[in-house]
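With mmCIF, C-alpha atoms and all ligand atoms inside, this is my_file.cif:
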data_run
#
loop_
_atom_site.label_atom_id
_atom_site.label_comp_id
_atom_site.auth_asym_id
_atom_site.auth_seq_id
_atom_site.Cartn_x
_atom_site.Cartn_y
_atom_site.Cartn_z
CA MET Y 590 109.22 122.76 116.41
CA CYS Y 591 105.71 121.51 116.79
CA ALA Y 592 104.14 121.01 120.21
CA GLN Y 593 103.85 117.53 121.64
CA THR Y 594 100.96 116.29 123.74
CA LEU Y 595 101.33 113.48 126.26
CA LEU Y 596 98.14 111.56 127.01
CA LEU Y 597 98.25 109.58 130.25
CA GLY Y 598 95.96 106.71 131.22
CA GLN Y 599 95.70 102.98 130.87
CA THR Y 600 96.67 102.03 127.32
CA LEU Y 601 95.64 99.12 125.10
CA SER Y 602 97.49 98.13 121.94
CA PHE Y 603 97.88 94.96 119.90
CA ALA Y 604 101.10 93.25 118.82
CA ALA Y 605 99.17 90.63 116.82
CA ASN Y 606 95.71 89.34 115.98
CA PRO Y 607 94.21 87.81 119.16
CA PHE Y 608 92.12 85.38 117.07
CA GLU Y 609 95.46 83.85 116.02
CA ALA Y 610 97.85 84.70 118.86
CA GLY Y 611 95.41 84.63 121.77
CA VAL Y 612 94.77 87.29 124.39
CA ASP Y 613 98.52 87.82 124.88
CA ALA Y 614 98.47 89.64 121.54
CA ALA Y 615 97.12 92.59 123.53
CA HIS Y 616 99.49 94.90 125.38
CA HIS Y 617 98.08 96.73 128.41
CA GLU Y 618 99.83 99.42 130.45
CA THR Y 619 98.11 100.30 133.73
CA HIS Y 620 99.96 103.63 133.81
CA GLY Y 621 100.73 104.33 130.19
CA GLY Y 622 101.51 107.33 128.02
CA VAL Y 623 100.97 108.19 124.37
CA VAL Y 624 102.90 111.09 122.84
CA VAL Y 625 101.17 112.82 119.93
CA GLU Y 626 102.74 115.33 117.55
CA ASN Y 627 101.56 116.63 114.19
CA GLY Y 628 98.65 114.19 114.04
CA ARG Y 629 100.79 111.13 114.72
CA ILE Y 630 101.78 108.90 117.60
CA VAL Y 631 105.49 109.57 118.09
CA ALA Y 632 106.13 107.62 121.30
CA LEU Y 633 104.40 105.12 123.53
CA GLY Y 634 105.28 103.45 126.80
CA SER Y 635 104.93 103.73 130.55
CA ALA Y 636 103.76 107.07 131.91
CA ASP Y 637 107.02 107.55 133.82
CA ASP Y 638 109.20 106.85 130.77
CA MET Y 639 107.12 109.13 128.57
CA ARG Y 640 107.19 111.99 131.09
CA ALA Y 641 110.95 111.66 131.43
CA ALA Y 642 111.60 111.49 127.70
CA HIS Y 643 109.14 114.27 126.75
CA PRO Y 644 109.37 116.87 129.56
CA ALA Y 645 108.12 119.72 127.34
CA ALA Y 646 104.97 117.92 126.20
CA GLU Y 647 101.63 119.30 127.30
CA VAL Y 648 100.10 116.64 129.57
CA VAL Y 649 96.48 115.51 129.35
CA ASP Y 650 95.92 113.15 132.26
CA TYR Y 651 93.01 110.73 131.81
CA GLY Y 652 93.66 109.02 135.18
CA ASP Y 653 92.68 105.36 134.97
CA LYS Y 654 90.59 105.75 131.85
CA LEU Y 655 91.58 103.49 128.95
CA ILE Y 656 93.25 104.94 125.85
CA SER Y 657 92.76 102.86 122.70
CA ALA Y 658 92.99 103.39 118.98
CA GLY Y 659 89.82 105.08 117.73
CA PHE Y 660 87.01 102.85 116.52
CA VAL Y 661 86.89 101.93 112.84
CA ASP Y 662 83.42 101.27 111.43
CA ALA Y 663 83.90 99.26 108.25
CA HIS Y 664 80.39 99.56 106.74
CA VAL Y 665 77.88 102.40 107.18
CA HIS Y 666 75.33 104.33 105.17
CA TYR Y 667 75.58 107.94 106.40
CA PRO Y 668 72.47 108.89 104.34
CA GLN Y 669 70.41 106.51 106.50
CA THR Y 670 71.12 108.53 109.68
CA GLY Y 671 67.59 109.98 109.64
CA ILE Y 672 65.80 106.64 109.24
CA ILE Y 673 67.75 104.57 111.79
CA ALA Y 674 65.48 102.41 113.97
CA SER Y 675 62.56 102.20 111.54
CA TRP Y 676 60.14 99.51 112.58
CA GLY Y 677 58.96 96.21 111.29
CA LYS Y 678 60.45 95.35 107.88
CA ARG Y 679 62.85 92.86 106.39
CA LEU Y 680 65.58 93.80 103.93
CA ILE Y 681 63.85 94.39 100.58
CA ASP Y 682 60.77 95.91 102.25
CA TRP Y 683 62.92 98.03 104.46
CA LEU Y 684 64.86 99.37 101.47
CA ASN Y 685 61.65 100.24 99.59
CA SER Y 686 59.71 101.64 102.56
CA TYR Y 687 62.33 103.62 104.42
CA THR Y 688 65.71 103.75 102.70
CA PHE Y 689 65.00 104.66 99.10
CA PRO Y 690 62.60 107.54 99.90
CA GLU Y 691 65.20 109.01 102.27
CA GLU Y 692 68.13 108.51 99.86
CA MET Y 693 66.11 110.37 97.21
CA ARG Y 694 66.63 113.57 99.21
CA PHE Y 695 70.42 113.62 98.78
CA GLY Y 696 70.28 115.23 95.34
CA ASP Y 697 69.84 118.36 97.45
CA ARG Y 698 73.36 119.37 98.38
CA ALA Y 699 72.26 121.41 101.42
CA TYR Y 700 70.46 118.37 102.85
CA ALA Y 701 73.50 116.15 102.18
CA ASP Y 702 75.71 118.71 103.98
CA GLN Y 703 73.36 118.78 106.95
CA ILE Y 704 73.18 114.98 107.36
CA SER Y 705 76.94 114.58 106.80
CA ALA Y 706 77.59 117.00 109.67
CA THR Y 707 75.02 115.35 111.93
CA TYR Y 708 76.40 111.89 111.19
CA LEU Y 709 80.05 112.85 111.79
CA ASP Y 710 79.16 114.70 115.01
CA LEU Y 711 77.19 111.73 116.36
CA THR Y 712 79.85 109.18 115.49
CA ALA Y 713 82.67 111.28 116.98
CA LYS Y 714 80.65 111.29 120.21
CA HIS Y 715 80.79 107.49 120.04
CA GLY Y 716 84.54 107.33 119.51
CA VAL Y 717 84.36 106.38 115.83
CA THR Y 718 87.29 107.96 114.03
CA THR Y 719 87.15 106.25 110.61
CA MET Y 720 84.29 104.76 108.65
CA ALA Y 721 83.63 103.31 105.20
CA SER Y 722 80.34 104.84 104.07
CA TYR Y 723 77.97 104.35 101.22
CA CYS Y 724 76.60 107.61 99.87
CA THR Y 725 73.59 107.80 97.49
CA ILE Y 726 73.49 107.72 93.70
CA HIS Y 727 74.01 111.51 93.72
CA PRO Y 728 77.63 112.63 93.31
CA GLU Y 729 76.72 115.65 95.51
CA SER Y 730 76.17 113.24 98.41
CA VAL Y 731 79.81 112.15 98.08
CA ASP Y 732 81.18 115.70 97.85
CA ALA Y 733 79.13 116.66 100.93
CA PHE Y 734 80.47 113.78 103.00
CA PHE Y 735 84.10 114.17 101.93
CA GLU Y 736 84.08 117.94 102.48
CA ALA Y 737 82.64 117.49 105.97
CA ALA Y 738 85.27 114.84 106.80
CA GLN Y 739 88.08 116.91 105.29
CA ALA Y 740 87.10 119.90 107.46
CA ARG Y 741 87.47 117.58 110.49
CA GLY Y 742 90.79 116.15 109.31
CA GLN Y 743 89.17 112.72 109.42
CA ARG Y 744 90.26 109.56 107.61
CA VAL Y 745 87.17 108.28 105.76
CA ILE Y 746 86.29 106.05 102.86
CA ALA Y 747 83.14 106.53 100.81
CA GLY Y 748 81.66 106.13 97.36
CA LYS Y 749 78.72 106.94 95.16
CA THR Y 750 76.19 104.13 95.43
CA CYS Y 751 75.45 102.76 91.96
CA MET Y 752 72.00 101.35 91.05
CA ASP Y 753 70.47 101.07 87.60
CA ARG Y 754 67.49 98.77 88.27
CA ASN Y 755 65.02 97.71 90.97
CA ALA Y 756 65.11 101.17 92.52
CA PRO Y 757 62.53 103.95 92.15
CA ASP Y 758 62.54 106.77 89.60
CA GLY Y 759 65.00 109.41 90.66
CA LEU Y 760 67.26 106.88 92.32
CA ARG Y 761 68.75 105.13 89.31
CA ASP Y 762 71.84 105.87 87.26
CA THR Y 763 73.04 103.95 84.17
CA PRO Y 764 76.11 101.81 83.48
CA GLN Y 765 77.73 104.76 81.73
CA SER Y 766 76.83 107.48 84.25
CA ALA Y 767 77.81 105.21 87.15
CA PHE Y 768 81.20 104.69 85.51
CA ASP Y 769 81.70 108.36 84.56
CA ASN Y 770 80.54 109.86 87.86
CA SER Y 771 82.49 107.34 89.96
CA LYS Y 772 85.61 107.98 87.88
CA ALA Y 773 85.27 111.77 88.23
CA LEU Y 774 84.88 111.37 92.01
CA ILE Y 775 87.97 109.14 92.18
CA GLU Y 776 89.94 111.80 90.32
CA ARG Y 777 88.61 114.56 92.57
CA TRP Y 778 88.95 112.83 95.92
CA HIS Y 779 90.94 109.59 96.08
CA GLY Y 780 94.14 110.15 98.06
CA VAL Y 781 93.35 113.79 98.89
CA GLU Y 782 94.56 114.27 102.48
CA ARG Y 783 92.89 111.45 104.45
CA ILE Y 784 90.12 110.70 101.93
CA SER Y 785 89.81 107.42 100.02
CA TYR Y 786 87.29 106.46 97.39
CA ALA Y 787 85.48 103.12 97.33
CA ILE Y 788 83.77 101.95 94.14
CA THR Y 789 80.24 101.17 95.36
CA PRO Y 790 77.75 98.97 93.50
CA ARG Y 791 74.96 98.71 96.11
CA PHE Y 792 74.29 94.98 95.54
CA SER Y 793 73.60 92.69 92.60
CA PRO Y 794 69.78 93.11 92.63
CA THR Y 795 70.06 96.85 91.93
CA SER Y 796 72.69 96.64 89.19
CA THR Y 797 72.32 95.19 85.70
CA PRO Y 798 75.10 92.91 84.47
CA GLU Y 799 76.15 95.86 82.25
CA GLN Y 800 76.57 98.12 85.27
CA LEU Y 801 78.50 95.49 87.24
CA GLU Y 802 80.76 95.03 84.24
CA ALA Y 803 81.34 98.78 83.90
CA LEU Y 804 82.26 99.05 87.59
CA GLY Y 805 84.50 95.98 87.30
CA SER Y 806 86.44 97.70 84.56
CA LEU Y 807 86.62 100.94 86.58
CA TRP Y 808 88.10 98.95 89.49
CA ALA Y 809 90.63 97.38 87.12
CA GLU Y 810 91.66 100.93 86.11
CA HIS Y 811 91.90 101.98 89.79
CA PRO Y 812 93.01 98.86 91.66
CA ASP Y 813 94.21 100.87 94.65
CA CYS Y 814 90.59 101.85 95.41
CA LEU Y 815 88.50 99.73 97.72
CA MET Y 816 85.26 98.26 96.33
CA GLN Y 817 82.32 97.88 98.71
CA THR Y 818 79.04 96.01 98.28
CA HIS Y 819 76.59 93.67 100.04
CA LEU Y 820 76.67 89.86 99.94
CA SER Y 821 74.31 87.13 101.16
CA GLU Y 822 72.48 89.09 103.82
CA GLN Y 823 69.00 87.50 103.74
CA THR Y 824 67.77 84.22 102.30
CA ASP Y 825 64.98 85.87 100.25
CA GLU Y 826 67.56 88.29 98.81
CA ILE Y 827 69.75 85.32 97.81
CA ALA Y 828 66.79 83.65 96.08
CA TRP Y 829 66.12 86.90 94.18
CA VAL Y 830 69.75 87.10 93.08
CA ALA Y 831 69.49 83.53 91.75
CA GLU Y 832 66.45 84.57 89.67
CA LEU Y 833 68.12 87.72 88.35
CA PHE Y 834 71.39 85.92 87.49
CA PRO Y 835 70.34 82.42 86.38
CA ASP Y 836 73.84 81.58 85.12
CA ALA Y 837 75.65 82.53 88.32
CA ARG Y 838 77.05 79.69 90.45
CA ASP Y 839 76.13 81.58 93.63
CA TYR Y 840 75.72 85.15 94.92
CA LEU Y 841 79.46 85.86 95.00
CA ASP Y 842 79.71 84.77 91.38
CA THR Y 843 77.52 87.74 90.34
CA TYR Y 844 80.45 89.92 91.44
CA GLU Y 845 83.27 87.58 90.52
CA LYS Y 846 82.24 87.19 86.87
CA PHE Y 847 82.31 90.99 86.41
CA GLY Y 848 85.70 91.64 88.02
CA LEU Y 849 84.22 92.67 91.38
CA LEU Y 850 85.96 90.10 93.56
CA GLY Y 851 89.35 91.07 94.94
CA GLU Y 852 91.56 91.57 97.95
CA LYS Y 853 90.42 95.18 98.24
CA GLY Y 854 86.76 94.17 98.06
CA LEU Y 855 84.54 94.66 101.12
CA TYR Y 856 81.51 92.38 101.33
CA GLY Y 857 78.94 93.52 103.89
CA HIS Y 858 77.00 90.93 105.93
CA ALA Y 859 78.24 87.70 104.25
CA ILE Y 860 76.02 85.57 106.48
CA HIS Y 861 74.64 82.73 104.37
CA LEU Y 862 77.76 81.68 102.45
CA GLU Y 863 78.22 78.55 100.35
CA ASP Y 864 81.48 76.63 100.68
CA ARG Y 865 82.63 77.81 97.24
CA GLU Y 866 82.04 81.41 98.25
CA LYS Y 867 83.99 81.01 101.48
CA ASP Y 868 86.87 79.36 99.61
CA ARG Y 869 87.06 82.12 96.99
CA LEU Y 870 86.78 84.93 99.54
CA ARG Y 871 89.62 83.41 101.55
CA GLU Y 872 91.78 82.71 98.50
CA VAL Y 873 91.63 86.32 97.35
CA GLY Y 874 91.83 87.72 100.90
CA ALA Y 875 88.63 89.75 100.54
CA GLY Y 876 87.12 91.59 103.52
CA LEU Y 877 83.97 90.20 105.14
CA ILE Y 878 82.19 92.85 107.19
CA HIS Y 879 80.13 91.70 110.16
CA CYS Y 880 77.18 93.99 110.87
CA PRO Y 881 75.66 92.40 113.99
CA THR Y 882 73.06 94.98 115.10
CA SER Y 883 71.80 95.20 111.53
CA ASN Y 884 71.66 91.44 111.09
CA THR Y 885 69.51 91.03 114.17
CA PHE Y 886 67.46 94.23 113.61
CA ILE Y 887 66.51 93.42 110.00
CA GLY Y 888 66.25 89.73 110.88
CA SER Y 889 69.01 88.58 108.53
CA GLY Y 890 70.85 85.86 110.46
CA LEU Y 891 73.90 85.03 112.52
CA PHE Y 892 77.39 85.71 111.12
CA ASP Y 893 79.85 82.95 111.94
CA MET Y 894 82.66 85.05 113.44
CA GLY Y 895 84.40 82.19 115.27
CA GLY Y 896 84.32 79.85 112.29
CA LEU Y 897 85.30 82.40 109.64
CA MET Y 898 88.20 83.76 111.72
CA ALA Y 899 89.45 80.24 112.44
CA ALA Y 900 89.35 79.60 108.68
CA GLY Y 901 91.64 82.56 108.09
CA GLN Y 902 89.19 85.04 106.57
CA ARG Y 903 89.83 88.78 106.70
CA VAL Y 904 86.98 90.16 108.84
CA GLY Y 905 85.95 93.63 109.97
CA ILE Y 906 83.06 94.82 112.11
CA ALA Y 907 80.54 97.55 111.46
CA SER Y 908 77.41 99.33 112.66
CA ASP Y 909 75.72 99.37 109.24
CA THR Y 910 73.92 102.59 110.23
CA GLY Y 911 70.90 102.83 109.58
CA GLY Y 912 70.03 99.13 108.92
CA GLY Y 913 72.05 98.72 112.09
CA SER Y 914 70.27 100.10 115.12
CA SER Y 915 73.14 102.09 116.62
CA PHE Y 916 75.98 104.53 115.91
CA SER Y 917 78.02 102.96 118.70
CA MET Y 918 80.90 100.52 118.26
CA LEU Y 919 80.48 99.49 121.91
CA ARG Y 920 76.93 98.44 121.08
CA THR Y 921 78.22 96.78 117.90
CA MET Y 922 80.78 94.78 119.89
CA ALA Y 923 78.09 93.79 122.40
CA SER Y 924 75.89 92.57 119.59
CA ALA Y 925 78.81 90.65 118.03
CA TYR Y 926 79.34 88.98 121.40
CA GLU Y 927 75.66 87.97 121.61
CA VAL Y 928 75.64 86.69 118.02
CA GLY Y 929 78.83 84.74 118.75
CA GLN Y 930 77.09 83.08 121.70
CA LEU Y 931 74.21 81.96 119.48
CA ARG Y 932 76.26 80.99 116.43
CA HIS Y 933 79.56 79.51 117.51
CA ARG Y 934 81.45 80.67 120.60
CA PRO Y 935 81.83 83.67 122.90
CA ILE Y 936 84.15 86.30 121.42
CA HIS Y 937 86.70 87.54 123.97
CA ALA Y 938 86.82 91.22 124.95
CA ALA Y 939 90.33 91.42 123.45
CA GLU Y 940 89.01 89.99 120.17
CA LEU Y 941 86.09 92.44 120.18
CA MET Y 942 88.36 95.44 120.77
CA TRP Y 943 90.77 94.20 118.08
CA LEU Y 944 87.89 93.82 115.61
CA ALA Y 945 86.61 97.34 116.30
CA THR Y 946 90.08 98.84 115.74
CA GLN Y 947 92.85 96.88 114.00
CA GLY Y 948 90.60 94.19 112.50
CA SER Y 949 88.40 96.70 110.72
CA ALA Y 950 91.45 98.76 109.72
CA ARG Y 951 92.95 95.58 108.24
CA ALA Y 952 89.76 94.87 106.30
CA LEU Y 953 90.09 98.42 104.90
CA HIS Y 954 93.82 97.85 104.13
CA MET Y 955 94.71 100.73 106.45
CA GLU Y 956 96.23 98.77 109.33
CA ASP Y 957 99.56 100.54 108.79
CA LYS Y 958 97.88 103.93 109.37
CA ILE Y 959 95.02 103.51 111.84
CA GLY Y 960 93.49 101.06 114.29
CA ASN Y 961 96.34 100.58 116.78
CA LEU Y 962 98.45 102.46 119.26
CA SER Y 963 101.94 102.29 117.85
CA VAL Y 964 104.65 104.70 116.85
CA GLY Y 965 104.06 106.20 113.41
CA MET Y 966 100.32 105.56 113.42
CA GLU Y 967 97.91 108.42 112.90
CA ALA Y 968 96.67 109.85 116.19
CA ASP Y 969 93.02 108.77 116.10
CA LEU Y 970 92.16 107.71 119.64
CA VAL Y 971 89.29 106.92 121.92
CA VAL Y 972 89.44 107.27 125.70
CA LEU Y 973 87.05 104.96 127.53
CA ASP Y 974 85.68 105.59 131.00
CA LEU Y 975 85.30 102.09 132.43
CA GLU Y 976 83.01 103.36 135.22
CA SER Y 977 80.74 105.63 133.21
CA THR Y 978 77.49 104.71 134.98
CA PRO Y 979 76.70 103.31 138.44
CA GLU Y 980 75.50 100.11 136.78
CA ILE Y 981 78.82 99.57 135.05
CA ALA Y 982 80.95 100.84 137.94
CA GLN Y 983 79.44 98.44 140.50
CA ARG Y 984 80.39 95.57 138.18
CA SER Y 985 83.83 96.67 137.01
CA VAL Y 986 84.98 97.42 140.55
CA ARG Y 987 85.09 93.65 141.13
CA ALA Y 988 87.36 93.07 138.13
CA ASN Y 989 90.61 91.19 138.49
CA ASP Y 990 92.11 92.21 135.16
CA LEU Y 991 91.62 94.61 132.27
CA TRP Y 992 89.24 92.32 130.41
CA GLU Y 993 86.89 91.94 133.34
CA ALA Y 994 87.05 95.70 133.86
CA LEU Y 995 86.37 96.44 130.18
CA PHE Y 996 83.72 93.86 129.31
CA PRO Y 997 80.88 95.56 131.28
CA THR Y 998 81.55 98.76 129.30
CA ILE Y 999 81.45 96.80 126.03
CA MET Y 1000 78.15 95.21 127.01
CA MET Y 1001 76.44 98.13 128.77
CA GLY Y 1002 78.32 101.26 127.73
CA ASP Y 1003 77.05 104.08 125.54
CA ASP Y 1004 78.36 107.54 124.64
CA ARG Y 1005 78.79 108.32 128.35
CA ALA Y 1006 81.67 105.81 128.30
CA ILE Y 1007 83.44 107.85 125.62
CA ALA Y 1008 85.52 110.26 127.73
CA ALA Y 1009 87.30 111.71 124.69
CA THR Y 1010 87.75 111.18 120.97
CA TRP Y 1011 90.92 112.33 119.23
CA ILE Y 1012 90.95 112.76 115.48
CA ASN Y 1013 94.16 113.58 113.64
CA GLY Y 1014 95.95 114.46 116.87
CA LYS Y 1015 93.23 116.75 118.23
CA ALA Y 1016 90.54 116.19 120.86
CA VAL Y 1017 87.13 116.80 119.26
N1 LIG S 1101 71.53 95.67 100.84
C1 LIG S 1101 71.46 96.58 99.83
N2 LIG S 1101 71.37 97.83 100.30
C2 LIG S 1101 71.40 97.73 101.64
C3 LIG S 1101 71.35 98.69 102.69
O1 LIG S 1101 71.25 99.90 102.49
N3 LIG S 1101 71.38 98.19 103.96
C4 LIG S 1101 71.49 96.86 104.21
N4 LIG S 1101 71.53 96.45 105.48
N5 LIG S 1101 71.53 95.94 103.24
C5 LIG S 1101 71.49 96.38 101.97
ZN ZN S 1102 74.94 98.21 104.06
#
When written as structure tokens, how does the structure in this file appear?
Amino acid sequence: MCAQTLLLGQTLSFAANPFEAGVDAAHHETHGGVVVENGRIVALGSADDMRAAHPAAEVVDYGDKLISAGFVDAHVHYPQTGIIASWGKRLIDWLNSYTFPEEMRFGDRAYADQISATYLDLTAKHGVTTMASYCTIHPESVDAFFEAAQARGQRVIAGKTCMDRNAPDGLRDTPQSAFDNSKALIERWHGVERISYAITPRFSPTSTPEQLEALGSLWAEHPDCLMQTHLSEQTDEIAWVAELFPDARDYLDTYEKFGLLGEKGLYGHAIHLEDREKDRLREVGAGLIHCPTSNTFIGSGLFDMGGLMAAGQRVGIASDTGGGSSFSMLRTMASAYEVGQLRHRPIHAAELMWLATQGSARALHMEDKIGNLSVGMEADLVVLDLESTPEIAQRSVRANDLWEALFPTIMMGDDRAIAATWINGKAV
């Protein structure tokens, strides 16, 4: 028989989507318990009930810290770890000045191994247990990331970034090599332990129609894979797409016409959407990924979280490291709150926590495996200290309920608020 562990603390889980069902969708236990065995949650309830039902379990008592599902970051570029917080550019400039020169280095497997390890160590410190990452055009950059995640027992999604134009020498593939290398990586990795492959055309400006078509047909061959790309991030980017694809009805159409629009598609940023684009994205149930720190850092615009959620879109939230200025999902939630204030309405703490866990898991079509505390789910957890600094503690001590106690940590917390991160049933 395998050993059980009983984690005690406050617990937060979701019975439904709080954007639809309201704050009551959240379930909070002041003295809760989570029983973990073999990498899964096997029981959940009050601390007293869990102690009584699982007397042999090893107890880890987190006091009044808050146990939640681990954070799910639905859009990152692990190869941009080393150039995060680079000053002064907008999207296309930023790609050419900072991103492409750095991504060039990932043909060196040893460098890709080193950055993969650094990235996964840093994000674990921030309570991030799953992420969907872009790699570079080099298949080695994908092997490096998946091997590092596999060694940690971590559920991750990633793919080889495909680009065959408007990128420098040394950072372009072709329609055929993009197809062949992506297919070989799918065969090597997709569904191995906790690894999933995402077909990854970077964005329309860096792929020819021939490459988009090739990747559309690869997706049709492997419809269980996710497909990740960028959509309508900056207005000058959108104007460039219109020049490059004069026949396209809009930006989304440059994907749609090549078979790259679908329910398992993830569209990063999605800020400046036309009505037709919104309608199509909702009809197919595609995932829109909000990257708030990136959208403010690169100067892209304000994602309409309140409006898009009310319209029934599938939305996840992400750091977009390293266009985003942080590895932290607390910081990402804080930024989403601030953007909500400017764009539409304040997003409730329950909605923010749902987005950073179950919402992002749902965008990744993994909501039955990760992103919530419930029996049968994989045991990826984060334990939050709601009094991690004097600044936060002096505010949260006045709280009348969980949300008032938690919101200062969302707005002001950093890695000091992450008391523990559990991946695959183990504290890391
Ligand atoms: N659009 C195309 N590539 C990228 C990228 O690496 N980061 C961001 N933020 N937008 C992109
Ligand atoms: Zn991105």
(message) I need the residue nearest Y:Gly895 from this list: Y:His779, Y:Tyr651, Y:Glu609, Y:Thr978. Use all atoms listed in the file for the distance.
(response) Y:Glu609
(message) Using Å and a single decimal, report how far atom CA of Y:Gly671 sits from atom CA of Y:Ser915.
(response)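 For atom CA of Y:Ser915 relative to atom CA of Y:Gly671, the distance reads 11.9 Å.
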(request) Can you tell me which residues come within 8 Å of ligand LIG 1101 (chain S) when counting only C-alpha atoms and all ligand atoms, ideally as JSON, numbers by chain? (result) {"Y": [666, 669, 680, 681, 684, 688, 791, 792, 818, 819, 820, 822, 857, 858, 883, 884, 887, 909, 911, 912, 913]}
May I have the residues from that selection written out with C-alpha atoms, as an mmCIF file, in the coordinates of the input?
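Produced file part_18.cif, reproduced below:
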data_model
loop_
_atom_site.group_PDB
_atom_site.id
_atom_site.type_symbol
_atom_site.label_atom_id
_atom_site.label_comp_id
_atom_site.auth_asym_id
_atom_site.auth_seq_id
_atom_site.Cartn_x
_atom_site.Cartn_y
_atom_site.Cartn_z
ATOM 1 C CA HIS Y 666 75.330 104.330 105.170
ATOM 2 C CA GLN Y 669 70.410 106.510 106.500
ATOM 3 C CA LEU Y 680 65.580 93.800 103.930
ATOM 4 C CA ILE Y 681 63.850 94.390 100.580
ATOM 5 C CA LEU Y 684 64.860 99.370 101.470
ATOM 6 C CA THR Y 688 65.710 103.750 102.700
ATOM 7 C CA ARG Y 791 74.960 98.710 96.110
ATOM 8 C CA PHE Y 792 74.290 94.980 95.540
ATOM 9 C CA THR Y 818 79.040 96.010 98.280
ATOM 10 C CA HIS Y 819 76.590 93.670 100.040
ATOM 11 C CA LEU Y 820 76.670 89.860 99.940
ATOM 12 C CA GLU Y 822 72.480 89.090 103.820
ATOM 13 C CA GLY Y 857 78.940 93.520 103.890
ATOM 14 C CA HIS Y 858 77.000 90.930 105.930
ATOM 15 C CA SER Y 883 71.800 95.200 111.530
ATOM 16 C CA ASN Y 884 71.660 91.440 111.090
ATOM 17 C CA ILE Y 887 66.510 93.420 110.000
ATOM 18 C CA ASP Y 909 75.720 99.370 109.240
ATOM 19 C CA GLY Y 911 70.900 102.830 109.580
ATOM 20 C CA GLY Y 912 70.030 99.130 108.920
ATOM 21 C CA GLY Y 913 72.050 98.720 112.090
#
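Distances here use only C-alpha atoms and all ligand atoms; by that measure, the residue among Y:Leu833, Y:Leu804, Y:Ile999, Y:Cys724 closest to ligand ZN 1102 (chain S) is Y:Cys724.
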(message) Quick one: residues within 7 Å of Y:Pro935, only C-alpha atoms, excluding same-chain residues fewer than 5 positions away - as number ranges by chain?
(response) Y: 926, 929-930
(message) Using Å and a single decimal, report how far atom CA of Y:Val631 sits from atom CA of Y:Gly659.
(response)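 Spanning atom CA of Y:Gly659 to atom CA of Y:Val631 is a straight-line distance of 16.3 Å.
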(message) Report as a list in words all protein, DNA and RNA residues lying within 9 Å of Y:Ile656, evaluated on only C-alpha atoms, omitting residues in the same chain fewer than 4 positions from it.
(response) Leu596, Leu597, Gly598, Gln599, Thr600, Leu601, Ser602, Gly621, Gly622, Val623, Tyr651, Leu962, Leu970, Val971, Val972 and Leu973 of chain Y
(message) Using Å and a single decimal, report how far atom CA of Y:His954 sits from atom CA of Y:Arg920.
(response)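 Pair atom CA of Y:Arg920 / atom CA of Y:His954 returns 23.9 Å.
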(request) Between Y:Ser722, Y:Ser675, Y:Ser771, Y:Thr824, single out the one closest to Y:Leu855, counting all atoms listed in the file. (result)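 Of Y:Ser722, Y:Ser675, Y:Ser771, Y:Thr824, the one nearest Y:Leu855, counting all atoms listed in the file, is Y:Ser722.
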(message) Under the rule that only C-alpha atoms and all ligand atoms are counted, which of Y:Ala721, Y:Ala641, Y:Leu991, Y:Val1017 is the nearest residue to ligand ZN 1102 (chain S)?
(response)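 Among the listed residues, the smallest separation from ligand ZN 1102 (chain S) belongs to Y:Ala721.
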(request) Might you pull out every residue within 8 Å of Y:Ala945, with all atoms listed in the file counted and same-chain residues fewer than 3 positions away left off, and present them as a PyMOL selection string? (result) chain Y and resi 660-662+905-907+918+922+941-942+948-949
(message) I need the residue nearest Y:Ala803 from this list: Y:Arg761, Y:Asp753, Y:Gln823, Y:Pro607. Use all atoms listed in the file for the distance.
(response) Y:Asp753
(request) Using only C-alpha atoms and all ligand atoms, pick whichever of Y:Ser635, Y:Thr594, Y:Ser686, Y:Gln817 has the shortest atom-to-atom distance to ligand ZN 1102 (chain S). (result)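 Selected residue with least distance to ligand ZN 1102 (chain S): Y:Gln817.
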(message) What's around Y:Leu919 at 9 Å? Count only C-alpha atoms, leave out sequence neighbours fewer than 6 positions away in its own chain, and write the answer as an MDAnalysis selection string.
(response) chainID Y and resid 715 942 945 998:1004
(request) Considering only C-alpha atoms, return as a list in words whatever protein or nucleic-acid residues lie within 10 Å of Y:Ala699, sequence-local ones (same chain, fewer than 4 positions apart) excluded. (result)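 Once the nearby chain positions are removed, what remains is Arg694, Phe695, Gln703, Ile704, Ser705, Glu729, Ser730 and Ala733 of chain Y.
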